[in-house]
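Here is the file my_file_5.txt (compact mmCIF, C-alpha atoms).
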```txt
# COMPACT_ATOMS: atom_id res chain seq x y z
CA MET A 7 -6.45 30.08 15.70
CA ASN A 8 -7.99 33.20 14.25
CA GLN A 9 -10.70 33.77 11.66
CA GLU A 10 -8.16 33.67 8.82
CA THR A 11 -6.56 30.32 9.57
CA ARG A 12 -9.54 28.38 10.90
CA PRO A 13 -11.03 27.35 7.54
CA HIS A 14 -7.59 26.14 6.41
CA ILE A 15 -7.13 24.00 9.51
CA ILE A 16 -10.61 22.50 9.20
CA ARG A 17 -10.03 21.86 5.50
CA PHE A 18 -6.75 20.17 6.34
CA PHE A 19 -8.39 17.66 8.69
CA VAL A 20 -11.43 16.97 6.53
CA LEU A 21 -9.53 16.50 3.28
CA VAL A 22 -6.70 14.44 4.78
CA LEU A 23 -9.20 12.10 6.46
CA LEU A 24 -11.22 11.87 3.24
CA GLN A 25 -8.05 11.04 1.33
CA VAL A 26 -6.59 8.38 3.62
CA LEU A 27 -9.78 6.74 4.86
CA ILE A 28 -11.93 6.74 1.75
CA LEU A 29 -10.09 7.62 -1.45
CA ARG A 30 -7.14 5.39 -0.54
CA GLN A 31 -9.48 2.38 -0.57
CA ILE A 32 -10.82 3.00 -4.05
CA GLN A 33 -9.47 0.71 -6.72
CA LEU A 34 -10.11 2.12 -10.16
CA GLY A 35 -9.57 -0.86 -12.41
CA GLU A 36 -7.43 -3.72 -13.56
CA ASP A 37 -3.77 -3.82 -14.55
CA TRP A 38 -2.15 -0.40 -15.04
CA LEU A 39 -5.29 1.41 -13.93
CA ARG A 40 -4.80 -0.05 -10.47
CA PHE A 41 -2.05 2.45 -9.88
CA ALA A 42 -4.19 5.48 -10.73
CA GLU A 43 -5.37 7.36 -7.69
CA ILE A 44 -7.90 10.05 -6.95
CA LEU A 45 -6.20 12.83 -5.01
CA ILE A 46 -8.13 15.54 -3.23
CA TYR A 47 -5.68 16.73 -0.56
CA PRO A 48 -3.79 19.16 -2.90
CA LEU A 49 -6.87 21.36 -2.61
CA ILE A 50 -5.58 22.38 0.85
CA VAL A 51 -2.41 23.82 -0.70
CA MET A 52 -4.32 25.33 -3.64
CA MET A 53 -6.48 27.39 -1.32
CA LEU A 54 -3.82 28.73 1.05
CA PRO A 55 -3.87 32.55 1.05
CA MET A 56 -1.68 34.31 -1.49
CA ILE A 57 -0.55 36.70 1.21
CA TRP A 58 1.35 34.01 3.13
CA PRO A 59 5.09 33.85 2.33
CA SER A 60 5.94 31.18 -0.21
CA SER A 61 8.38 29.46 2.14
CA LEU A 62 5.51 28.92 4.61
CA THR A 63 3.22 27.59 1.88
CA ILE A 64 5.92 25.18 0.76
CA LEU A 65 6.58 24.00 4.31
CA ILE A 66 2.87 23.39 4.89
CA ALA A 67 2.65 21.48 1.61
CA PHE A 68 5.60 19.33 2.62
CA ILE A 69 4.01 18.49 6.00
CA ILE A 70 0.68 17.58 4.36
CA GLY A 71 2.57 15.35 1.94
CA MET A 72 4.36 13.59 4.80
CA VAL A 73 1.05 12.94 6.57
CA ILE A 74 -0.39 11.44 3.38
CA ASP A 75 2.78 9.39 2.87
CA SER A 76 2.50 7.92 6.33
CA PHE A 77 -0.78 6.36 5.27
CA TYR A 78 0.23 5.44 1.73
CA ASP A 79 3.53 3.84 2.80
CA SER A 80 5.36 5.84 0.18
CA PRO A 81 7.87 7.96 2.10
CA GLY A 82 8.79 11.06 0.14
CA VAL A 83 6.48 10.58 -2.84
CA HIS A 84 3.55 12.77 -1.84
CA ALA A 85 5.79 15.07 0.21
CA GLY A 86 8.01 15.69 -2.82
CA ALA A 87 5.08 16.22 -5.15
CA SER A 88 3.34 18.62 -2.74
CA THR A 89 6.51 20.60 -2.23
CA PHE A 90 6.99 20.91 -5.96
CA SER A 91 3.41 21.91 -6.75
CA ALA A 92 3.44 24.46 -3.92
CA PHE A 93 6.65 25.88 -5.35
CA VAL A 94 5.20 26.38 -8.84
CA ARG A 95 1.85 27.63 -7.48
CA PRO A 96 2.72 31.35 -7.91
CA LEU A 97 3.66 30.63 -11.52
CA ILE A 98 0.36 28.83 -12.17
CA LEU A 99 -1.52 31.73 -10.59
CA GLN A 100 0.35 34.13 -12.88
CA ILE A 101 -0.57 32.12 -15.99
CA ILE A 102 -4.28 32.17 -15.24
CA ALA A 103 -4.40 35.66 -13.69
CA PRO A 104 -7.65 37.54 -14.35
CA ARG A 105 -7.33 40.68 -16.44
CA ALA A 106 -7.45 42.93 -13.39
CA GLY A 107 -4.68 40.94 -11.71
CA TYR A 108 -4.81 39.72 -8.13
CA ASP A 109 -5.23 41.60 -4.93
CA PRO A 110 -3.10 39.59 -2.45
CA LYS A 111 -5.91 39.81 0.11
CA GLN A 112 -8.43 38.04 -2.11
CA HIS A 113 -9.41 34.46 -1.35
CA LEU A 114 -8.59 31.89 -3.98
CA THR A 115 -12.15 30.64 -4.44
CA ARG A 116 -14.78 30.24 -7.10
CA ALA A 117 -16.82 32.96 -5.41
CA THR A 118 -14.04 35.48 -6.10
CA PHE A 119 -12.85 34.52 -9.58
CA GLY A 120 -15.57 32.38 -11.15
CA MET A 121 -15.94 28.87 -12.46
CA THR A 122 -13.68 29.11 -15.52
CA TRP A 123 -10.83 30.39 -13.40
CA LEU A 124 -11.29 27.61 -10.82
CA LEU A 125 -11.40 24.98 -13.55
CA SER A 126 -8.13 26.13 -15.13
CA TYR A 127 -6.47 26.57 -11.74
CA THR A 128 -7.48 23.06 -10.61
CA ALA A 129 -6.55 21.52 -13.95
CA LEU A 130 -3.06 23.07 -14.07
CA PHE A 131 -2.26 22.56 -10.41
CA MET A 132 -3.46 18.96 -10.32
CA PHE A 133 -1.65 18.11 -13.53
CA ILE A 134 1.66 19.29 -12.08
CA HIS A 135 0.97 17.56 -8.79
CA ILE A 136 -0.11 14.20 -10.20
CA LEU A 137 2.71 14.14 -12.73
CA ALA A 138 5.14 14.73 -9.86
CA VAL A 139 3.54 11.95 -7.80
CA GLN A 140 3.77 9.52 -10.71
CA LEU A 141 7.35 10.52 -11.51
CA LEU A 142 8.48 10.01 -7.94
CA THR A 143 6.78 6.60 -7.95
CA VAL A 144 8.35 5.65 -11.28
CA PHE A 145 11.69 6.40 -9.73
CA THR A 146 11.28 2.88 -8.48
CA PHE A 147 9.19 0.78 -10.81
CA TYR A 148 7.44 1.43 -14.07
CA TYR A 149 7.50 2.84 -17.60
CA TRP A 150 6.70 6.00 -19.52
CA GLY A 151 3.68 5.11 -21.65
CA GLU A 152 1.87 3.70 -18.65
CA LEU A 153 3.00 6.67 -16.60
CA LEU A 154 1.34 9.19 -18.91
CA MET A 155 -1.84 7.10 -19.18
CA ARG A 156 -2.02 6.81 -15.41
CA THR A 157 -1.33 10.50 -14.96
CA ALA A 158 -4.08 11.45 -17.42
CA PHE A 159 -6.55 9.08 -15.79
CA SER A 160 -5.84 10.19 -12.21
CA TRP A 161 -5.84 13.80 -13.35
CA VAL A 162 -9.29 13.79 -14.99
CA LEU A 163 -10.87 11.96 -12.04
CA SER A 164 -9.20 14.14 -9.41
CA VAL A 165 -10.19 17.39 -11.15
CA VAL A 166 -13.80 16.21 -11.46
CA ILE A 167 -13.92 15.18 -7.79
CA ILE A 168 -12.40 18.48 -6.62
CA LEU A 169 -14.82 20.58 -8.70
CA LEU A 170 -17.75 18.49 -7.46
CA ALA A 171 -16.59 18.90 -3.87
CA ASP A 172 -16.41 22.65 -4.44
CA LEU A 173 -19.92 22.76 -5.92
CA VAL A 174 -21.34 20.70 -3.05
CA PHE A 175 -19.66 22.51 -0.18
CA ASN A 176 -19.75 26.10 -1.52
CA PRO A 177 -23.06 26.10 -3.36
CA LYS A 178 -23.62 29.86 -3.61
CA SER A 179 -21.91 31.30 -6.64
CA MET B 24 21.53 40.81 9.53
CA ILE B 25 19.41 43.11 7.37
CA ASN B 26 21.00 41.54 4.35
CA LEU B 27 20.18 38.09 5.62
CA LEU B 28 16.52 39.03 6.18
CA TYR B 29 16.38 40.58 2.74
CA PHE B 30 17.87 37.44 1.26
CA LEU B 31 15.36 35.24 3.06
CA SER B 32 12.36 37.33 2.04
CA ARG B 33 13.57 37.30 -1.52
CA TYR B 34 14.71 33.70 -1.86
CA GLY B 35 13.01 32.00 1.14
CA GLY B 36 10.58 30.18 -1.09
CA VAL B 37 13.28 28.82 -3.36
CA LEU B 38 15.39 27.84 -0.36
CA ALA B 39 12.50 26.05 1.35
CA PHE B 40 11.63 24.33 -1.91
CA VAL B 41 15.16 23.10 -2.58
CA ILE B 42 15.69 21.80 0.96
CA LEU B 43 12.33 20.06 1.29
CA GLU B 44 12.41 18.62 -2.22
CA LEU B 45 15.87 17.18 -1.66
CA LEU B 46 14.64 15.74 1.61
CA SER B 47 11.68 14.08 -0.15
CA VAL B 48 13.81 12.62 -2.90
CA TYR B 49 16.27 11.40 -0.32
CA LEU B 50 13.43 9.63 1.50
CA VAL B 51 12.19 8.02 -1.70
CA VAL B 52 15.65 6.80 -2.65
CA ARG B 53 16.66 5.64 0.77
CA TYR B 54 13.43 3.78 1.25
CA ASN B 55 13.78 2.03 -2.06
CA GLN B 56 17.43 1.16 -1.68
CA THR B 57 17.39 -0.43 1.70
CA GLN B 58 13.84 -1.73 1.47
CA ARG B 59 13.34 -1.06 5.14
CA GLU B 60 10.63 0.79 6.86
CA ILE B 61 12.72 3.80 7.76
CA TYR B 62 10.48 6.54 8.76
CA LEU B 63 6.74 6.49 8.64
CA ASN B 64 6.12 2.93 9.59
CA SER B 65 2.43 2.57 9.99
CA SER B 66 2.87 -0.09 12.62
CA ARG B 67 3.80 2.90 14.69
CA PHE B 68 1.31 4.03 17.19
CA TYR B 69 -0.31 7.08 15.68
CA SER B 70 -1.60 5.75 12.41
CA GLY B 71 -1.93 2.24 13.84
CA VAL B 72 -4.57 3.32 16.32
CA LEU B 73 -6.58 5.32 13.80
CA LEU B 74 -6.43 2.55 11.23
CA GLU B 75 -7.53 -0.02 13.80
CA LYS B 76 -10.54 2.13 14.69
CA THR B 77 -11.68 2.39 11.08
CA ALA B 78 -10.92 -1.29 10.49
CA LYS B 79 -13.25 -2.10 13.40
CA ILE B 80 -16.08 -0.25 11.70
CA ARG B 81 -15.43 -2.02 8.44
CA HIS B 82 -15.24 -5.38 10.21
CA TYR B 83 -18.58 -4.73 11.81
CA ALA B 84 -20.09 -3.97 8.43
CA SER B 85 -18.82 -7.24 6.96
CA MET B 86 -19.80 -9.38 9.95
CA ALA B 87 -22.06 -11.70 7.95
CA GLU B 88 -19.32 -12.45 5.46
CA ILE B 89 -16.84 -13.17 8.25
CA ALA B 90 -19.30 -15.53 9.91
CA ASP B 91 -19.72 -17.38 6.62
CA SER B 92 -16.01 -17.72 6.07
CA LEU B 93 -15.50 -18.93 9.65
CA ALA B 94 -18.25 -21.51 9.23
CA GLU B 95 -16.61 -22.68 6.02
CA GLU B 96 -13.30 -22.94 7.78
CA ASN B 97 -14.86 -24.90 10.63
CA ALA B 98 -16.34 -27.32 8.16
CA LEU B 99 -12.95 -27.81 6.58
CA LEU B 100 -11.32 -28.46 9.95
CA TYR B 101 -14.04 -30.92 10.96
CA ASN B 102 -13.52 -32.77 7.72
CA ARG B 103 -9.83 -33.03 8.36
CA LEU B 104 -10.34 -34.07 11.97
CA TYR B 105 -12.80 -36.81 11.12
CA SER B 106 -10.80 -38.17 8.25
CA GLN B 107 -7.91 -38.46 10.69
CA LEU B 108 -10.02 -40.16 13.34
CA ALA B 109 -11.50 -42.62 10.88
CA ILE B 110 -8.10 -44.24 10.49
CA THR B 111 -7.35 -45.35 14.05
CA PRO B 112 -3.67 -44.74 14.73
CA ARG B 113 -1.60 -47.66 15.97
CA GLU B 114 -0.22 -47.53 19.50
CA ASN B 115 3.33 -46.58 18.66
CA GLU B 116 2.52 -44.18 15.82
CA VAL B 117 3.33 -40.53 16.31
CA ASP B 118 0.17 -38.49 16.70
CA SER B 119 -0.50 -37.36 13.17
CA LEU B 120 -2.46 -34.36 14.40
CA PHE B 121 0.63 -33.10 16.12
CA SER B 122 2.31 -30.49 14.03
CA PRO B 123 5.15 -28.12 14.83
CA PHE B 124 2.98 -25.26 13.57
CA GLU B 125 0.76 -23.12 15.76
CA PHE B 126 -1.57 -20.47 14.39
CA ILE B 127 -2.02 -17.05 15.95
CA PRO B 128 -5.30 -15.51 14.73
CA ALA B 129 -4.98 -11.86 13.75
CA ARG B 130 -7.11 -9.14 12.21
CA VAL B 131 -6.04 -7.24 9.13
CA ILE B 132 -6.17 -3.55 10.02
CA LYS B 133 -4.56 -2.25 6.87
CA ASN B 134 -4.26 -3.84 3.49
CA SER B 135 -3.20 -2.70 0.06
CA ILE B 136 -3.22 -4.48 -3.28
CA ASN B 137 -2.83 -1.59 -5.68
CA GLN B 138 0.76 -0.61 -5.03
CA PRO B 139 3.80 -1.97 -6.84
CA ASN B 140 4.93 -3.40 -3.49
CA ASN B 141 2.13 -4.18 -1.10
CA ASN B 142 2.22 -4.44 2.67
CA LEU B 143 -0.30 -5.19 5.38
CA THR B 144 -0.64 -4.36 9.05
CA LEU B 145 -2.02 -6.94 11.47
CA ASN B 146 -3.15 -6.36 15.05
CA LYS B 147 -0.78 -8.86 16.66
CA GLY B 148 2.77 -8.03 17.66
CA GLU B 149 5.74 -8.99 19.81
CA LEU B 150 3.56 -9.33 22.92
CA ASP B 151 1.63 -12.09 21.16
CA GLY B 152 4.81 -13.90 20.17
CA VAL B 153 5.06 -12.63 16.60
CA LYS B 154 8.59 -12.44 15.24
CA GLN B 155 10.18 -11.15 12.07
CA GLY B 156 10.22 -13.79 9.32
CA MET B 157 7.14 -15.73 10.40
CA GLY B 158 4.63 -16.71 7.72
CA VAL B 159 1.07 -15.40 7.51
CA VAL B 160 -1.61 -17.64 6.02
CA LEU B 161 -5.31 -17.65 5.23
CA PRO B 162 -7.65 -20.61 5.42
CA ARG B 163 -7.08 -21.07 1.68
CA GLY B 164 -3.92 -19.34 0.74
CA VAL B 165 -0.73 -17.63 1.69
CA LEU B 166 -0.80 -13.97 2.68
CA GLY B 167 2.84 -13.06 3.26
CA ILE B 168 5.76 -12.88 5.64
CA VAL B 169 6.14 -10.72 8.76
CA ARG B 170 8.68 -8.00 7.98
CA ASN B 171 8.78 -6.17 11.27
CA THR B 172 6.98 -5.97 14.55
CA SER B 173 6.03 -3.50 17.24
CA PRO B 174 4.57 -4.49 20.63
CA HIS B 175 0.97 -4.60 19.37
CA PHE B 176 1.17 -4.67 15.60
CA CYS B 177 3.15 -6.31 12.86
CA ARG B 178 3.85 -5.35 9.27
CA VAL B 179 3.53 -8.04 6.68
CA LEU B 180 5.25 -8.24 3.32
CA SER B 181 2.27 -9.23 1.17
CA LEU B 182 2.42 -12.06 -1.32
CA LEU B 183 1.73 -9.19 -3.75
CA ASN B 184 5.18 -7.71 -3.22
CA SER B 185 8.14 -8.08 -5.54
CA GLN B 186 10.30 -9.13 -2.58
CA THR B 187 8.18 -12.06 -1.47
CA TYR B 188 9.19 -15.54 -2.59
CA VAL B 189 7.34 -18.58 -1.31
CA GLY B 190 8.35 -22.20 -1.83
CA ALA B 191 5.51 -23.98 -3.62
CA ALA B 192 4.76 -27.34 -5.16
CA ILE B 193 2.22 -28.92 -7.49
CA ARG B 194 0.12 -31.18 -5.34
CA ARG B 195 -0.48 -33.86 -8.00
CA ASN B 196 3.15 -34.73 -8.68
CA GLY B 197 5.11 -32.93 -5.98
CA ALA B 198 7.15 -30.85 -8.44
CA PHE B 199 8.39 -27.84 -6.50
CA GLY B 200 9.33 -24.31 -7.41
CA VAL B 201 8.99 -20.75 -6.19
CA VAL B 202 5.93 -18.50 -6.23
CA HIS B 203 6.30 -14.75 -6.60
CA TRP B 204 4.29 -11.80 -7.89
CA ASP B 205 4.98 -10.12 -11.22
CA GLY B 206 3.14 -6.92 -10.31
CA VAL B 207 0.41 -7.28 -12.92
CA SER B 208 -2.80 -8.57 -11.41
CA PRO B 209 -3.62 -8.98 -7.71
CA ALA B 210 -5.47 -12.20 -8.51
CA LYS B 211 -2.49 -13.97 -10.08
CA VAL B 212 1.01 -15.04 -9.09
CA ILE B 213 3.78 -16.76 -11.02
CA LEU B 214 5.23 -20.17 -10.21
CA GLU B 215 8.74 -20.64 -11.55
CA GLU B 216 11.69 -23.02 -11.39
CA ILE B 217 9.77 -26.20 -12.18
CA PRO B 218 11.97 -28.11 -14.65
CA LYS B 219 10.42 -28.50 -18.09
CA HIS B 220 10.62 -32.30 -18.19
CA LEU B 221 7.86 -32.55 -15.60
CA ASP B 222 4.28 -32.37 -16.78
CA ILE B 223 1.88 -29.61 -15.77
CA LEU B 224 -1.87 -29.60 -16.30
CA ILE B 225 -4.22 -26.63 -16.38
CA GLY B 226 -6.20 -26.79 -13.14
CA ASP B 227 -3.44 -28.37 -11.06
CA THR B 228 -3.54 -27.22 -7.45
CA VAL B 229 -0.49 -25.35 -6.22
CA VAL B 230 0.35 -25.78 -2.53
CA THR B 231 3.14 -24.66 -0.22
CA SER B 232 6.09 -27.00 -0.42
CA GLY B 233 6.95 -26.93 3.27
CA HIS B 234 10.65 -26.76 2.50
CA SER B 235 11.03 -24.09 5.15
CA SER B 236 10.10 -23.47 8.74
CA VAL B 237 7.96 -20.51 7.67
CA PHE B 238 4.90 -22.14 6.10
CA PRO B 239 3.31 -25.47 6.89
CA PRO B 240 3.39 -27.87 3.93
CA ASN B 241 0.41 -28.63 1.71
CA LEU B 242 -1.41 -25.35 2.20
CA GLU B 243 -3.42 -24.46 -0.90
CA ILE B 244 -2.33 -21.37 -2.82
CA GLY B 245 -4.11 -21.45 -6.17
CA LYS B 246 -4.85 -23.17 -9.45
CA VAL B 247 -2.73 -23.32 -12.59
CA ILE B 248 -4.41 -21.30 -15.35
CA SER B 249 -1.68 -21.19 -18.00
CA TYR B 250 1.95 -22.16 -18.49
CA TYR B 251 4.75 -22.01 -21.02
CA VAL B 252 8.50 -22.49 -21.20
CA PRO B 253 10.19 -19.11 -21.91
CA SER B 254 12.68 -19.43 -24.78
CA GLY B 255 16.12 -20.35 -23.57
CA SER B 256 14.84 -21.42 -20.20
CA ASN B 257 14.88 -24.82 -18.61
CA SER B 258 11.85 -24.32 -16.47
CA TYR B 259 8.22 -23.44 -16.78
CA ARG B 260 6.62 -20.07 -16.16
CA ILE B 261 3.25 -20.93 -14.70
CA GLU B 262 0.41 -18.51 -14.03
CA VAL B 263 -1.45 -19.36 -10.86
CA ASN B 264 -4.87 -17.99 -9.98
CA LEU B 265 -5.19 -17.41 -6.24
CA PHE B 266 -8.05 -19.07 -4.37
CA VAL B 267 -8.74 -16.00 -2.25
CA ASP B 268 -9.35 -12.43 -3.26
CA LEU B 269 -6.62 -10.66 -1.30
CA SER B 270 -8.50 -7.37 -1.39
CA ARG B 271 -11.33 -8.75 0.71
CA ILE B 272 -9.58 -10.42 3.60
CA ASN B 273 -10.33 -9.57 7.21
CA ARG B 274 -8.58 -12.26 9.18
CA ALA B 275 -5.34 -14.12 8.85
CA TYR B 276 -3.25 -16.55 10.86
CA ILE B 277 0.35 -15.96 11.77
CA VAL B 278 2.26 -19.25 11.67
CA ARG B 279 4.53 -19.92 14.62
CA ASN B 280 6.85 -22.87 14.38
CA ARG B 281 7.28 -24.42 17.83
CA TYR B 282 10.92 -25.02 16.97
CA TRP B 283 11.46 -21.53 15.53
CA ASP B 284 14.22 -20.45 17.93
CA GLU B 285 15.96 -23.82 17.73
CA LEU B 286 15.93 -23.78 13.92
CA GLN B 287 17.13 -20.18 13.81
CA SER B 288 20.06 -20.83 16.13
CA LEU B 289 20.93 -24.03 14.26
CA GLU B 290 20.98 -22.20 10.94
CA THR B 291 23.04 -19.30 12.26
CA THR B 292 25.66 -21.55 13.83
CA GLU B 293 26.01 -23.32 10.50
CA SER B 294 26.59 -20.13 8.57
CA GLN B 295 29.32 -18.97 10.94
```

Would you encode the structure as structure tokens?
Amino acid sequence: MNQETRPHIIRFFVLVLLQVLILRQIQLGEDWLRFAEILIYPLIVMMLPMIWPSSLTILIAFIIGMVIDSFYDSPGVHAGASTFSAFVRPLILQIIAPRAGYDPKQHLTRATFGMTWLLSYTALFMFIHILAVQLLTVFTFYYWGELLMRTAFSWVLSVVIILLADLVFNPKS
Amino acid sequence: MINLLYFLSRYGGVLAFVILELLSVYLVVRYNQTQREIYLNSSRFYSGVLLEKTAKIRHYASMAEIADSLAEENALLYNRLYSQLAITPRENEVDSLFSPFEFIPARVIKNSINQPNNNLTLNKGELDGVKQGMGVVLPRGVLGIVRNTSPHFCRVLSLLNSQTYVGAAIRRNGAFGVVHWDGVSPAKVILEEIPKHLDILIGDTVVTSGHSSVFPPNLEIGKVISYYVPSGSNSYRIEVNLFVDLSRINRAYIVRNRYWDELQSLETTESQ
């Protein structure tokens, strides 16, 4: 465990515990809203270094998804969604690239690229991720209109929670 | 070899993605087709232990509430006991307090109500005599059916699961049907298969019918809040409000029928 990987490992444990012990318990509302969920664990994948090979990033995302699934009793759902969002991550990063482009050694944080960048990164990444989660769940049970409503609802809440977490834990700009 | 390494560095990401995504989809499909806990079964040790630890903390926090509910339950049992004793049984009468059902108290260590198919984990397992198919009840309600067991834990198919069907009856007139969950609200279940020539009243109490060895008869489930006859159907569709809030339960009782093994072997010999 060297300097580079330590923050990622700590982040993994903290966010996974936060997700399965606290956020899993939160019920957002009645009827279709009951199936909306606040997700924070994708932040682990979002912040993995750009310099790591994409196959490694994808494998890590898959493992995180499996861990989450073991607590949510939804084998494959979060694993599949994580794998997919990790796969499209380079594309998302391309879309929101700053004018100067990226240096692969840079950290993917607000300190490096600023608030606007973080907001668009979180919004895009979480949208893809949550849509994938909902689609893999629908596979089994519900309908399109509800699906989009649920996705939008989970998405807004998750993005807000992630940005708040970032502001609280990395206060210096 | 060089070519292979080049290929991997170029397409490794795509390859990893395709393999892992297929694996995930396979897991989703397989899980949903066979409806069995195939891989991550949380009655397994690793998440079981962690969940039990956090459940302990939560139980401690809700101690006052648990004490209240236990006191309430005691009062109910006393009432039943004394009403039985008031009528002195005749010499040759079978002891009316004797029942084939025994109750194994258990703690809920994991519960969900906001999934399309909900499951629970309880802290009693094979070593305590829990077997697949046994019923799980609450002081005022039905919680579900044991779906599988490990030595120390068991997984319960919640009443709030599309696969759970429980035989139920209206206490006032004994009309019986089947209770199941329509996936809409965790506070309501649907009672079906009651023929439309029988009368139903709003506020009728729905109880277990006892037409099986799984649940004791006459156990309260909920109250009728609305009913109608769907067009073209011969039976009512009745909405039943549950007496207990299933999101706030801490303790449950697993029902063991003293004649469980005998009944099972009788039923299997018949079907052969």

Which residues come within 9 Å of Asn142 in chain B, counting all atoms listed in the file, excluding same-chain residues fewer than 4 positions away, as an NGL selection string?
-> (:A and (79)) or (:B and (133-136 or 138 or 167 or 178-184))

Between CA of Val201 in chain B and CA of Asn97 in chain B, distance in Å (one decimal) | 29.5 Å

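Shortest separation to Val160 in chain B among B:Leu269, B:Ala94, B:Leu38, B:Val72 occurs at residue B:Leu269, atoms counted being only C-alpha atoms.
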
Find the spatial neighbours of range 98-104 of chain A, counting only C-alpha atoms, within a cut-off of 9 Å - ignore same-chain residues fewer than 3 positions away - and output them as a ChimeraX atom specification.
-> /A:94-95,107-108,119,123,126-127,130-131

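You will find CA of Val162 in chain A at 12.6 Å from CA of His135 in chain A.
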
Identify the residues within 12 Å of coordinate (-8.4, 14.9, 3.4) (same frame as the file), considering all atoms listed in the file, and give the answer as number ranges by chain.
-> A: 14-30, 44-51, 70-71, 73-74, 77, 168, 171
